[in-house]
Amino acid sequence: MAASANTTATLQTNEIARIQERANFARLETVRLISIAKTGHYASGFSCAEILASLYYGVMRLKRGEPTWKDRDRFLFGKGHAAATLYPLLVDWDFFPKEVLDEYTRLGNPLGDHPDMTKVPGVDFSSGSLGHALSVGMGMAMAGRIQGRDFNTFVLLGDGEQHEGQVWEAALSAAHHKLRNLVAIIDRNEYSLDGRVEDVTALEPLADKWRSFGWSVYEVDGHDVPKLLSTLRQVISDVERSQPAVIIAHTVKGKGISYMESEFGWHLGWLAPQDEANAIAELKGQR
């Protein structure tokens with residue numbers, strides 16, 4: 001029994017290390033891609049890097065090289081402006097060649113600042129127009145149930161996106177239909193393009209709002225991979241839960257780059273050569 005327990009612990013340790021490494025890889029690739037495009041969303045992608053890595057390497061059911069596999073788990077990126085952090089993970093799953101990534105945003109390349117489901121293999125919904133993703137995710141979850149498929153649908157939303165009324169219309173409807181195969185994740189980094197989310201339009205008490213709409217609510221540190229992974233797995237394995245679930249992941253905007261953290265001016269920008277070198281050095285120091 002002791003040997004078996006040690007083996008399990010080693011596997012868990014290796015898995016967590018792998019997810020943390022892939023999150024840092026996604027941040028480094030974000031810097032590289034934005035350097036190609038000469039503009040992009042650093043801080044928004046950095047805040048959700050661990051969430052994306054946990055989903056793609058520890059939670060979601062996917063098939064390597066088969067982005068349209070019918071029984072895959074679906075993922076919708078409400079905050080699609082952070083697509084540069086997602087694309088490297090899709091390449092890592094062999095959904096399209098790395099050479100496509102290397103020409104990010106160049107004329108004729110399918111990869112834009114926001115993901116396009118008609119052009120990018122592995123993208124389940126064209127997002128970036130904030131507020132739509134939860135509605136579409138609800139439709140996918142309902143379709144899966146009607147078709148008798150057991151995939152889960154994950155929707156990653158920005159906290160500033162909670163200002164959109166359509167989010168709450170979808171929340172009401174999903175709870176009404178008891179879509180337990182729908183999981184929303186809120187990247188609660190507390191900042192939007194216009195500044196602190198609470199200063200623009202206050203959301204708190206956010207957890208109570210979602211509960212009042214009929215959702216099962218969980219909260220977690222969105223950068224703590226063991227806790228994040230445990231929470232995500234708890235949500236999808238809870239057979240007693242009949243309602244949709246929302247995970248409020250508390251994060252730091254610009255996480256990983258000290259001069260970007262919680263500085264909302266880095267929501268959109270471009271690094272000068274020395275700043276880029278400093279950012280890469282800081283990220284590589286975290287390996």
# chains A, B, ... in the order shown; residues from 1 in each chain; ligands from 1

call {"tool": "select_by_dssp", "arguments": {"residues": "segment 137-231 of chain A", "states": "alpha helix (DSSP H)", "output": "MDAnalysis selection string"}}
result
chainID A and resid 137:147 165:176 197:200 206:212 225:231

call {"tool": "write_last_selection", "arguments": {"atoms": "C-alpha atoms", "output": "PDB file, in the first residue's frame"}}
result
ATOM      1  CA  GLY A 137     -21.843  27.356 -23.981  1.00  0.00           C
ATOM      2  CA  MET A 138     -25.288  26.807 -22.516  1.00  0.00           C
ATOM      3  CA  GLY A 139     -26.532  25.825 -25.983  1.00  0.00           C
ATOM      4  CA  MET A 140     -23.660  23.374 -26.431  1.00  0.00           C
ATOM      5  CA  ALA A 141     -24.298  21.814 -23.021  1.00  0.00           C
ATOM      6  CA  MET A 142     -27.985  21.451 -23.788  1.00  0.00           C
ATOM      7  CA  ALA A 143     -27.251  19.973 -27.225  1.00  0.00           C
ATOM      8  CA  GLY A 144     -24.912  17.450 -25.650  1.00  0.00           C
ATOM      9  CA  ARG A 145     -27.597  16.362 -23.225  1.00  0.00           C
ATOM     10  CA  ILE A 146     -30.212  16.054 -25.993  1.00  0.00           C
ATOM     11  CA  GLN A 147     -27.789  13.991 -28.102  1.00  0.00           C
ATOM     12  CA  GLY A 165     -26.457  41.573 -19.153  1.00  0.00           C
ATOM     13  CA  GLN A 166     -26.390  38.575 -21.463  1.00  0.00           C
ATOM     14  CA  VAL A 167     -24.165  36.744 -18.968  1.00  0.00           C
ATOM     15  CA  TRP A 168     -26.948  36.883 -16.399  1.00  0.00           C
ATOM     16  CA  GLU A 169     -29.658  35.911 -18.897  1.00  0.00           C
ATOM     17  CA  ALA A 170     -27.617  32.803 -19.705  1.00  0.00           C
ATOM     18  CA  ALA A 171     -27.050  32.140 -16.010  1.00  0.00           C
ATOM     19  CA  LEU A 172     -30.788  32.166 -15.359  1.00  0.00           C
ATOM     20  CA  SER A 173     -31.548  29.886 -18.279  1.00  0.00           C
ATOM     21  CA  ALA A 174     -28.759  27.379 -17.540  1.00  0.00           C
ATOM     22  CA  ALA A 175     -29.946  27.007 -13.950  1.00  0.00           C
ATOM     23  CA  HIS A 176     -33.545  26.599 -15.107  1.00  0.00           C
ATOM     24  CA  VAL A 197     -13.864  46.291 -11.940  1.00  0.00           C
ATOM     25  CA  GLU A 198     -15.412  47.283  -8.611  1.00  0.00           C
ATOM     26  CA  ASP A 199     -14.921  50.965  -9.450  1.00  0.00           C
ATOM     27  CA  VAL A 200     -16.549  50.634 -12.880  1.00  0.00           C
ATOM     28  CA  LEU A 206     -20.302  37.988  -6.595  1.00  0.00           C
ATOM     29  CA  ALA A 207     -20.563  34.478  -5.152  1.00  0.00           C
ATOM     30  CA  ASP A 208     -23.924  35.262  -3.570  1.00  0.00           C
ATOM     31  CA  LYS A 209     -25.213  36.635  -6.876  1.00  0.00           C
ATOM     32  CA  TRP A 210     -24.387  33.400  -8.690  1.00  0.00           C
ATOM     33  CA  ARG A 211     -25.922  31.316  -5.895  1.00  0.00           C
ATOM     34  CA  SER A 212     -29.098  33.369  -6.112  1.00  0.00           C
ATOM     35  CA  VAL A 225      -2.409  24.702  -9.413  1.00  0.00           C
ATOM     36  CA  PRO A 226      -3.032  21.927  -6.840  1.00  0.00           C
ATOM     37  CA  LYS A 227      -6.087  23.710  -5.443  1.00  0.00           C
ATOM     38  CA  LEU A 228      -7.310  24.778  -8.879  1.00  0.00           C
ATOM     39  CA  LEU A 229      -6.950  21.271 -10.285  1.00  0.00           C
ATOM     40  CA  SER A 230      -8.649  19.758  -7.239  1.00  0.00           C
ATOM     41  CA  THR A 231     -11.560  22.191  -7.502  1.00  0.00           C
TER      42      THR A 231
END

call {"tool": "select_by_dssp", "arguments": {"residues": "segment 180-238 of chain A", "states": "strand (DSSP E)", "output": "PyMOL selection string"}}
result
chain A and resi 182-188+191-192+195-196+216-221

call {"tool": "write_last_selection", "arguments": {"atoms": "N, CA and C atoms", "output": "mmCIF file, in the first residue's frame"}}
result
data_model
loop_
_atom_site.group_PDB
_atom_site.id
_atom_site.type_symbol
_atom_site.label_atom_id
_atom_site.label_comp_id
_atom_site.auth_asym_id
_atom_site.auth_seq_id
_atom_site.Cartn_x
_atom_site.Cartn_y
_atom_site.Cartn_z
ATOM 1 N N LEU A 182 -22.355 22.066 -17.549
ATOM 2 C CA LEU A 182 -21.860 23.396 -17.889
ATOM 3 C C LEU A 182 -21.085 23.957 -16.697
ATOM 4 N N VAL A 183 -19.830 24.347 -16.945
ATOM 5 C CA VAL A 183 -18.976 24.906 -15.892
ATOM 6 C C VAL A 183 -18.448 26.256 -16.362
ATOM 7 N N ALA A 184 -18.796 27.303 -15.642
ATOM 8 C CA ALA A 184 -18.253 28.638 -15.908
ATOM 9 C C ALA A 184 -17.085 28.885 -14.963
ATOM 10 N N ILE A 185 -16.054 29.526 -15.470
ATOM 11 C CA ILE A 185 -14.898 29.901 -14.650
ATOM 12 C C ILE A 185 -14.698 31.401 -14.821
ATOM 13 N N ILE A 186 -14.697 32.123 -13.723
ATOM 14 C CA ILE A 186 -14.515 33.572 -13.780
ATOM 15 C C ILE A 186 -13.080 33.910 -13.405
ATOM 16 N N ASP A 187 -12.379 34.544 -14.322
ATOM 17 C CA ASP A 187 -11.014 35.017 -14.067
ATOM 18 C C ASP A 187 -11.127 36.323 -13.280
ATOM 19 N N ARG A 188 -11.152 36.203 -11.966
ATOM 20 C CA ARG A 188 -11.410 37.353 -11.083
ATOM 21 C C ARG A 188 -10.105 38.082 -10.779
ATOM 22 N N TYR A 191 -9.461 43.636 -12.539
ATOM 23 C CA TYR A 191 -9.205 44.794 -13.394
ATOM 24 C C TYR A 191 -9.781 44.565 -14.788
ATOM 25 N N SER A 192 -10.204 45.661 -15.411
ATOM 26 C CA SER A 192 -10.625 45.646 -16.804
ATOM 27 C C SER A 192 -9.884 46.765 -17.528
ATOM 28 N N GLY A 195 -10.059 50.054 -15.677
ATOM 29 C CA GLY A 195 -9.604 50.168 -14.301
ATOM 30 C C GLY A 195 -10.164 49.057 -13.435
ATOM 31 N N ARG A 196 -10.215 49.303 -12.123
ATOM 32 C CA ARG A 196 -10.722 48.288 -11.202
ATOM 33 C C ARG A 196 -12.187 47.996 -11.508
ATOM 34 N N SER A 216 -24.200 26.235 -8.489
ATOM 35 C CA SER A 216 -23.274 25.777 -7.458
ATOM 36 C C SER A 216 -22.005 26.611 -7.578
ATOM 37 N N VAL A 217 -21.557 27.177 -6.471
ATOM 38 C CA VAL A 217 -20.463 28.152 -6.504
ATOM 39 C C VAL A 217 -19.240 27.621 -5.755
ATOM 40 N N TYR A 218 -18.081 27.786 -6.374
ATOM 41 C CA TYR A 218 -16.799 27.414 -5.771
ATOM 42 C C TYR A 218 -15.855 28.610 -5.908
ATOM 43 N N GLU A 219 -14.937 28.761 -4.964
ATOM 44 C CA GLU A 219 -13.926 29.813 -5.047
ATOM 45 C C GLU A 219 -12.554 29.201 -4.818
ATOM 46 N N VAL A 220 -11.553 29.722 -5.540
ATOM 47 C CA VAL A 220 -10.217 29.150 -5.457
ATOM 48 C C VAL A 220 -9.190 30.181 -5.899
ATOM 49 N N ASP A 221 -7.965 30.018 -5.439
ATOM 50 C CA ASP A 221 -6.838 30.804 -5.927
ATOM 51 C C ASP A 221 -6.520 30.309 -7.335
#

call {"tool": "closest_residue", "arguments": {"among": "A:Ile36, A:Ala133, A:Leu156, A:Leu268", "to": "Leu101 of chain A", "atoms": "only C-alpha atoms"}}
result
A:Ile36

call {"tool": "residues_around", "arguments": {"residues": "Asp116 of chain A", "least_positions_apart": "4", "cutoff": "10 Å", "atoms": "only C-alpha atoms", "output": "JSON, numbers by chain"}}
result
{"A": [80, 83, 110, 111, 112, 120, 121, 122, 123, 124, 125, 126, 127, 128]}

call {"tool": "write_last_selection", "arguments": {"atoms": "N, CA, C and O atoms", "output": "PDB file, in the first residue's frame"}}
result
ATOM      1  N   GLY A  80     -11.885  36.500 -25.135  1.00  0.00           N
ATOM      2  CA  GLY A  80     -11.130  36.065 -26.298  1.00  0.00           C
ATOM      3  C   GLY A  80      -9.972  36.949 -26.678  1.00  0.00           C
ATOM      4  O   GLY A  80      -9.106  36.544 -27.461  1.00  0.00           O
ATOM      5  N   ALA A  83      -6.376  35.507 -26.525  1.00  0.00           N
ATOM      6  CA  ALA A  83      -6.176  34.309 -27.353  1.00  0.00           C
ATOM      7  C   ALA A  83      -4.714  33.945 -27.542  1.00  0.00           C
ATOM      8  O   ALA A  83      -4.391  32.761 -27.742  1.00  0.00           O
ATOM      9  N   PRO A 110      -4.496  32.471 -40.097  1.00  0.00           N
ATOM     10  CA  PRO A 110      -5.803  32.329 -39.440  1.00  0.00           C
ATOM     11  C   PRO A 110      -5.848  32.826 -38.002  1.00  0.00           C
ATOM     12  O   PRO A 110      -6.931  32.995 -37.440  1.00  0.00           O
ATOM     13  N   LEU A 111      -4.685  33.059 -37.409  1.00  0.00           N
ATOM     14  CA  LEU A 111      -4.645  33.425 -35.997  1.00  0.00           C
ATOM     15  C   LEU A 111      -4.701  34.943 -35.824  1.00  0.00           C
ATOM     16  O   LEU A 111      -3.768  35.662 -36.183  1.00  0.00           O
ATOM     17  N   GLY A 112      -5.799  35.411 -35.274  1.00  0.00           N
ATOM     18  CA  GLY A 112      -5.949  36.831 -35.018  1.00  0.00           C
ATOM     19  C   GLY A 112      -5.883  37.140 -33.532  1.00  0.00           C
ATOM     20  O   GLY A 112      -5.699  36.260 -32.690  1.00  0.00           O
ATOM     21  N   VAL A 120      -9.580  28.492 -36.972  1.00  0.00           N
ATOM     22  CA  VAL A 120      -8.578  27.949 -36.049  1.00  0.00           C
ATOM     23  C   VAL A 120      -9.034  26.612 -35.476  1.00  0.00           C
ATOM     24  O   VAL A 120      -9.974  26.559 -34.672  1.00  0.00           O
ATOM     25  N   PRO A 121      -8.410  25.490 -35.865  1.00  0.00           N
ATOM     26  CA  PRO A 121      -8.763  24.195 -35.295  1.00  0.00           C
ATOM     27  C   PRO A 121      -8.565  24.186 -33.777  1.00  0.00           C
ATOM     28  O   PRO A 121      -7.549  24.663 -33.276  1.00  0.00           O
ATOM     29  N   GLY A 122      -9.552  23.669 -33.070  1.00  0.00           N
ATOM     30  CA  GLY A 122      -9.479  23.632 -31.613  1.00  0.00           C
ATOM     31  C   GLY A 122     -10.227  24.749 -30.931  1.00  0.00           C
ATOM     32  O   GLY A 122     -10.412  24.723 -29.717  1.00  0.00           O
ATOM     33  N   VAL A 123     -10.663  25.747 -31.702  1.00  0.00           N
ATOM     34  CA  VAL A 123     -11.456  26.846 -31.146  1.00  0.00           C
ATOM     35  C   VAL A 123     -12.931  26.504 -31.341  1.00  0.00           C
ATOM     36  O   VAL A 123     -13.395  26.358 -32.473  1.00  0.00           O
ATOM     37  N   ASP A 124     -13.662  26.375 -30.248  1.00  0.00           N
ATOM     38  CA  ASP A 124     -15.067  25.954 -30.317  1.00  0.00           C
ATOM     39  C   ASP A 124     -16.039  27.094 -30.542  1.00  0.00           C
ATOM     40  O   ASP A 124     -17.201  26.861 -30.886  1.00  0.00           O
ATOM     41  N   PHE A 125     -15.596  28.333 -30.313  1.00  0.00           N
ATOM     42  CA  PHE A 125     -16.495  29.472 -30.513  1.00  0.00           C
ATOM     43  C   PHE A 125     -15.681  30.724 -30.778  1.00  0.00           C
ATOM     44  O   PHE A 125     -14.662  30.971 -30.122  1.00  0.00           O
ATOM     45  N   SER A 126     -16.104  31.512 -31.753  1.00  0.00           N
ATOM     46  CA  SER A 126     -15.457  32.789 -32.061  1.00  0.00           C
ATOM     47  C   SER A 126     -15.825  33.795 -30.979  1.00  0.00           C
ATOM     48  O   SER A 126     -16.994  34.181 -30.867  1.00  0.00           O
ATOM     49  N   SER A 127     -14.839  34.179 -30.189  1.00  0.00           N
ATOM     50  CA  SER A 127     -15.156  35.024 -29.040  1.00  0.00           C
ATOM     51  C   SER A 127     -14.345  36.302 -29.041  1.00  0.00           C
ATOM     52  O   SER A 127     -13.455  36.499 -29.864  1.00  0.00           O
ATOM     53  N   GLY A 128     -14.670  37.150 -28.097  1.00  0.00           N
ATOM     54  CA  GLY A 128     -14.011  38.443 -28.001  1.00  0.00           C
ATOM     55  C   GLY A 128     -15.023  39.553 -27.871  1.00  0.00           C
ATOM     56  O   GLY A 128     -14.764  40.577 -27.244  1.00  0.00           O
TER      57      GLY A 128
END

call {"tool": "atom_distance", "arguments": {"atom1": "atom CA of Ala245 of chain A", "atom2": "atom CA of Pro67 of chain A"}}
result
24.8 Å

call {"tool": "residues_around", "arguments": {"residues": "Asn181 of chain A", "least_positions_apart": "4", "cutoff": "8 Å", "atoms": "only C-alpha atoms", "output": "number ranges by chain"}}
result
A: 141, 150-153, 236, 244

call {"tool": "closest_residue", "arguments": {"among": "A:Asn278, A:Gln12, A:Gln286, A:Thr201", "to": "Asn24 of chain A", "atoms": "only C-alpha atoms"}}
result
A:Gln286

call {"tool": "closest_residue", "arguments": {"among": "A:His81, A:Lys98, A:Lys178, A:Arg22", "to": "Ile51 of chain A", "atoms": "only C-alpha atoms"}}
result
A:Arg22

call {"tool": "residues_around", "arguments": {"residues": "Gly40 of chain A", "least_positions_apart": "2", "cutoff": "9 Å", "atoms": "only C-alpha atoms", "output": "VMD selection string"}}
result
chain A and resid 30 to 31 33 to 35 37 to 38 42 81 to 82 84 113 267 to 270
